[in-house]
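What follows is the content of input_22.cif, which has mmCIF, C-alpha atoms:
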data_work
loop_
_atom_site.label_atom_id
_atom_site.label_comp_id
_atom_site.auth_asym_id
_atom_site.auth_seq_id
_atom_site.Cartn_x
_atom_site.Cartn_y
_atom_site.Cartn_z
CA MET X 1 10.74 -57.42 -19.87
CA ALA X 2 12.30 -59.70 -17.27
CA ALA X 3 10.10 -62.19 -15.45
CA ALA X 4 9.22 -61.42 -11.83
CA GLY X 5 11.95 -62.49 -9.43
CA VAL X 6 14.63 -62.64 -12.14
CA ARG X 7 17.53 -60.26 -11.61
CA ARG X 8 18.64 -58.18 -14.52
CA TYR X 9 22.41 -58.27 -14.96
CA ASP X 10 23.70 -54.79 -14.15
CA PRO X 11 27.46 -54.73 -13.60
CA GLU X 12 27.50 -50.92 -13.31
CA ARG X 13 24.91 -50.72 -10.53
CA ARG X 14 27.34 -50.59 -7.59
CA GLN X 15 29.28 -47.77 -9.24
CA ARG X 16 26.06 -45.86 -10.05
CA ILE X 17 25.09 -46.12 -6.39
CA ILE X 18 28.45 -44.68 -5.28
CA ASP X 19 28.18 -41.88 -7.84
CA ALA X 20 24.64 -41.16 -6.67
CA ALA X 21 25.78 -41.04 -3.03
CA ILE X 22 28.40 -38.45 -3.95
CA ARG X 23 25.75 -36.37 -5.74
CA VAL X 24 23.38 -36.62 -2.77
CA VAL X 25 26.08 -35.52 -0.33
CA GLY X 26 27.03 -32.71 -2.70
CA ALA X 27 23.44 -31.47 -2.88
CA LYS X 28 22.12 -32.20 0.63
CA GLY X 29 25.16 -32.87 2.79
CA ILE X 30 25.79 -36.04 4.73
CA ALA X 31 22.63 -35.43 6.75
CA GLY X 32 20.64 -35.88 3.51
CA LEU X 33 22.19 -39.25 2.75
CA SER X 34 19.99 -42.30 3.13
CA HIS X 35 19.61 -45.56 1.26
CA ARG X 36 16.30 -44.22 -0.04
CA SER X 37 17.74 -40.89 -1.29
CA VAL X 38 20.63 -42.69 -3.01
CA ALA X 39 18.32 -45.29 -4.59
CA ALA X 40 16.16 -42.49 -6.00
CA GLU X 41 19.19 -40.59 -7.30
CA ALA X 42 20.72 -43.73 -8.86
CA ASP X 43 17.34 -44.84 -10.23
CA VAL X 44 17.70 -48.29 -8.71
CA PRO X 45 15.47 -50.27 -6.36
CA LEU X 46 16.01 -49.52 -2.67
CA GLY X 47 17.09 -53.13 -2.10
CA SER X 48 20.03 -52.61 -4.45
CA THR X 49 21.57 -50.00 -2.19
CA THR X 50 21.30 -52.21 0.87
CA TYR X 51 22.52 -55.24 -1.10
CA HIS X 52 25.74 -53.47 -2.14
CA PHE X 53 26.14 -51.38 1.03
CA LYS X 54 24.72 -52.86 4.22
CA THR X 55 25.13 -49.58 6.14
CA LEU X 56 25.38 -45.92 5.26
CA ASP X 57 28.91 -45.98 6.64
CA ASP X 58 29.79 -48.67 4.08
CA LEU X 59 28.44 -46.39 1.37
CA LEU X 60 30.32 -43.37 2.74
CA VAL X 61 33.55 -45.38 2.86
CA ALA X 62 33.14 -46.23 -0.82
CA ALA X 63 32.35 -42.59 -1.67
CA LEU X 64 35.37 -41.29 0.28
CA ARG X 65 37.64 -43.88 -1.35
CA GLN X 66 36.43 -42.75 -4.76
CA ALA X 67 36.97 -39.10 -3.87
CA ASN X 68 40.50 -39.95 -2.67
CA GLU X 69 41.28 -41.80 -5.89
CA ALA X 70 40.06 -38.85 -7.95
CA PHE X 71 42.51 -36.57 -6.13
CA VAL X 72 45.70 -36.69 -8.14
CA VAL X 73 48.63 -34.88 -6.63
CA THR X 74 50.59 -33.19 -9.38
CA LEU X 75 53.95 -32.70 -7.74
CA PRO X 76 57.05 -31.19 -9.31
CA ALA X 77 58.71 -33.35 -11.91
CA ALA X 78 61.99 -33.69 -10.04
CA PRO X 79 63.45 -33.04 -6.62
CA GLY X 80 65.14 -29.65 -6.61
CA GLU X 81 62.18 -27.76 -8.05
CA ASP X 82 60.61 -25.25 -5.68
CA LEU X 83 58.27 -27.51 -3.72
CA ALA X 84 56.54 -24.67 -1.84
CA GLU X 85 55.73 -22.90 -5.10
CA SER X 86 54.54 -26.08 -6.76
CA LEU X 87 52.28 -27.03 -3.81
CA ALA X 88 50.85 -23.50 -3.52
CA ARG X 89 50.02 -23.58 -7.24
CA LEU X 90 48.45 -27.06 -6.85
CA LEU X 91 46.20 -25.85 -4.00
CA GLY X 92 45.11 -22.89 -6.11
CA GLU X 93 44.27 -25.16 -9.03
CA LEU X 94 42.30 -27.54 -6.80
CA LEU X 95 40.28 -24.74 -5.20
CA ALA X 96 39.69 -22.88 -8.47
CA ALA X 97 38.86 -25.88 -10.65
CA ASP X 98 35.69 -26.91 -8.84
CA ARG X 99 35.10 -25.39 -5.43
CA GLY X 100 31.93 -27.47 -4.99
CA ARG X 101 33.93 -30.64 -5.54
CA ALA X 102 36.55 -29.50 -3.00
CA GLU X 103 33.78 -28.80 -0.48
CA LEU X 104 32.26 -32.23 -1.10
CA GLU X 105 35.59 -34.00 -0.67
CA TYR X 106 36.27 -32.19 2.59
CA GLU X 107 32.76 -32.94 3.83
CA LEU X 108 33.37 -36.64 3.24
CA TYR X 109 36.85 -36.39 4.76
CA LEU X 110 35.62 -34.58 7.88
CA ALA X 111 32.71 -36.99 8.32
CA ALA X 112 35.34 -39.26 9.88
CA LEU X 113 35.08 -37.10 13.01
CA ARG X 114 31.67 -38.62 13.77
CA ARG X 115 31.88 -41.85 11.80
CA PRO X 116 34.76 -44.06 12.95
CA ALA X 117 34.35 -46.35 9.92
CA LEU X 118 35.64 -43.50 7.74
CA ARG X 119 38.78 -42.83 9.79
CA PRO X 120 40.98 -45.47 8.13
CA VAL X 121 40.09 -44.11 4.68
CA ALA X 122 40.84 -40.53 5.73
CA ALA X 123 44.12 -41.71 7.24
CA GLU X 124 45.00 -43.55 4.01
CA TRP X 125 44.59 -40.31 2.07
CA CYS X 126 46.81 -38.35 4.47
CA GLU X 127 49.42 -41.09 4.38
CA ALA X 128 49.40 -41.36 0.58
CA VAL X 129 49.98 -37.62 0.18
CA ALA X 130 52.69 -37.64 2.87
CA VAL X 131 54.45 -40.55 1.17
CA ALA X 132 54.32 -38.70 -2.16
CA LEU X 133 55.76 -35.56 -0.54
CA ALA X 134 58.48 -37.52 1.28
CA ARG X 135 60.22 -37.83 -2.06
CA TRP X 136 61.21 -34.18 -1.63
CA THR X 137 61.68 -33.97 2.13
CA ASP X 138 61.73 -36.06 5.29
CA ALA X 139 58.63 -37.92 6.53
CA VAL X 140 57.94 -35.55 9.44
CA THR X 141 58.05 -32.47 7.21
CA ALA X 142 55.89 -34.24 4.62
CA ARG X 143 53.20 -34.83 7.27
CA ALA X 144 53.48 -31.19 8.38
CA LEU X 145 52.97 -30.08 4.76
CA VAL X 146 49.81 -32.21 4.52
CA ALA X 147 48.49 -30.61 7.72
CA VAL X 148 49.27 -27.09 6.51
CA MET X 149 47.72 -27.69 3.09
CA ASP X 150 44.57 -29.09 4.72
CA GLY X 151 44.45 -26.09 7.02
CA ILE X 152 44.79 -23.61 4.18
CA CYS X 153 42.10 -25.37 2.14
CA LEU X 154 39.72 -25.50 5.10
CA GLN X 155 40.24 -21.80 5.86
CA VAL X 156 39.45 -20.87 2.28
CA LEU X 157 36.42 -23.17 2.07
CA LEU X 158 34.97 -22.25 5.47
CA THR X 159 35.41 -18.48 5.20
CA ASP X 160 34.65 -18.06 1.48
CA ALA X 161 37.96 -16.21 1.30
CA GLU X 162 39.88 -15.91 -1.91
CA TYR X 163 42.81 -18.27 -2.12
CA ASP X 164 46.08 -16.37 -1.62
CA GLU X 165 48.79 -18.30 -3.43
CA SER X 166 51.62 -16.07 -2.21
CA TYR X 167 50.53 -16.63 1.42
CA ALA X 168 50.38 -20.39 0.87
CA ARG X 169 53.79 -20.38 -0.81
CA ASP X 170 55.27 -18.42 2.10
CA ILE X 171 53.78 -20.71 4.81
CA LEU X 172 54.73 -23.89 2.95
CA GLY X 173 58.23 -22.49 2.44
CA ARG X 174 58.52 -21.81 6.17
CA VAL X 175 57.61 -25.41 6.93
CA LEU X 176 60.17 -26.64 4.41
CA ARG X 177 62.93 -24.34 5.68
CA GLY X 178 62.33 -25.62 9.21
CA ALA X 179 63.09 -29.14 8.01
#
Hey, can you dump this file as structure tokens for me?
Amino acid sequence: MAAAGVRRYDPERRQRIIDAAIRVVGAKGIAGLSHRSVAAEADVPLGSTTYHFKTLDDLLVAALRQANEAFVVTLPAAPGEDLAESLARLLGELLAADRGRAELEYELYLAALRRPALRPVAAEWCEAVAVALARWTDAVTARALVAVMDGICLQVLLTDAEYDESYARDILGRVLRGA
């Protein structure tokens, strides 16, 4: 046992706190997030959460960044493949794989509406996807595709509707044909 006042070396602690924050938001929503709830979930002293993340916004930024990094866009292998079909299939896979995870990621993403500290991270995600899509189309159309894909995902998540891949393919194709 360590002597009082001696810190135990724990290089994984910061990451455990971020992971715990994601679990707390997943279970209780952003309203349920506090340094205390995260410390309990991570099984770390309360002071550890405030040491690594001075504010809850700092913690949410780290959680959103991690969620963004976990999102891997699997685009067609080469320009010339049917981009609308590929993107519609990707959305279906994302929504079917783990709907709870998709809801969590959108909750973190939309938290930027009320928490300005999150806006740059949300913007980074939009920009990264648009840049990836610009390989197949122009920059303006790529941004429009990001907006349409977000809209389709939000409609499915907010209405508990079944994802309609043919609808998504048609709408995405319309955006691409307008390019």
* For the atom pair CA of Arg143 in chain X and CA of Leu91 in chain X, what is the interatomic distance in Å to one decimal place? ->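 Interatomic distance here is 16.0 Å.
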* Residues picked by the PyMOL selection byres ((chain X and resi 129) around 12) here, as number ranges by chain? -> X: 68-69, 71-75, 87, 122-128, 130-136, 139, 141-147, 149-150
* Distance of CA of Ala117 in chain X from CA of Gly47 in chain X, expressed in Å to one decimal place ->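 Pair CA of Gly47 in chain X / CA of Ala117 in chain X returns 22.1 Å.
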* Spatial neighbours of His35 in chain X, 12 Å, only C-alpha atoms, chain gap at least 5 places, as an NGL selection string -> :X and (17-18 or 20-21 or 24 or 30 or 40-60)
* To do: Specify as a ChimeraX atom specification each residue included when the PyMOL selection byres ((chain X and resi 112) around 10) is applied to this file.
  => /X:57,60-61,64,107-111,113-123
* **Using all atoms listed in the file: which of X:Gly151, X:Pro11, X:Gly178, X:Gly26 has the shortest distance to Arg99 in chain X** =>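 Distance minimum relative to Arg99 in chain X lands on X:Gly26.
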* Structure fact -> Correct to one decimal, the distance CA of Glu103 in chain X-CA of Arg13 in chain X is 25.7 Å
* Using all atoms listed in the file, which residue out of X:Lys28, X:Tyr106, X:Ala168, X:Arg177 lies closest to Glu85 in chain X? -> X:Ala168
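What the PyMOL selection byres ((chain X and resi 88) around 9) grabs from this file is X:Leu83, X:Ala84, X:Glu85, X:Ser86, X:Leu87, X:Arg89, X:Leu90, X:Leu91, X:Gly92, X:Glu93, X:Met149, X:Asp164, X:Glu165, X:Ser166, X:Tyr167, X:Ala168, X:Arg169, X:Asp170, X:Leu172.
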* Using only C-alpha atoms: which of X:Gln66, X:Ala39, X:Ala96, X:Ser34 has the shortest distance to Cys153 in chain X ->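 Using only C-alpha atoms, Cys153 in chain X sits closest to X:Ala96.
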Could you write out as JSON the box around range 23-39 of chain X (axis-aligned, all atoms listed in the file, 4 Å on each side), with centre and edge lengths in Å to one decimal?
{"center_x": 21.7, "center_y": -38.5, "center_z": 0.5, "size_x": 18.7, "size_y": 22.1, "size_z": 20.5}
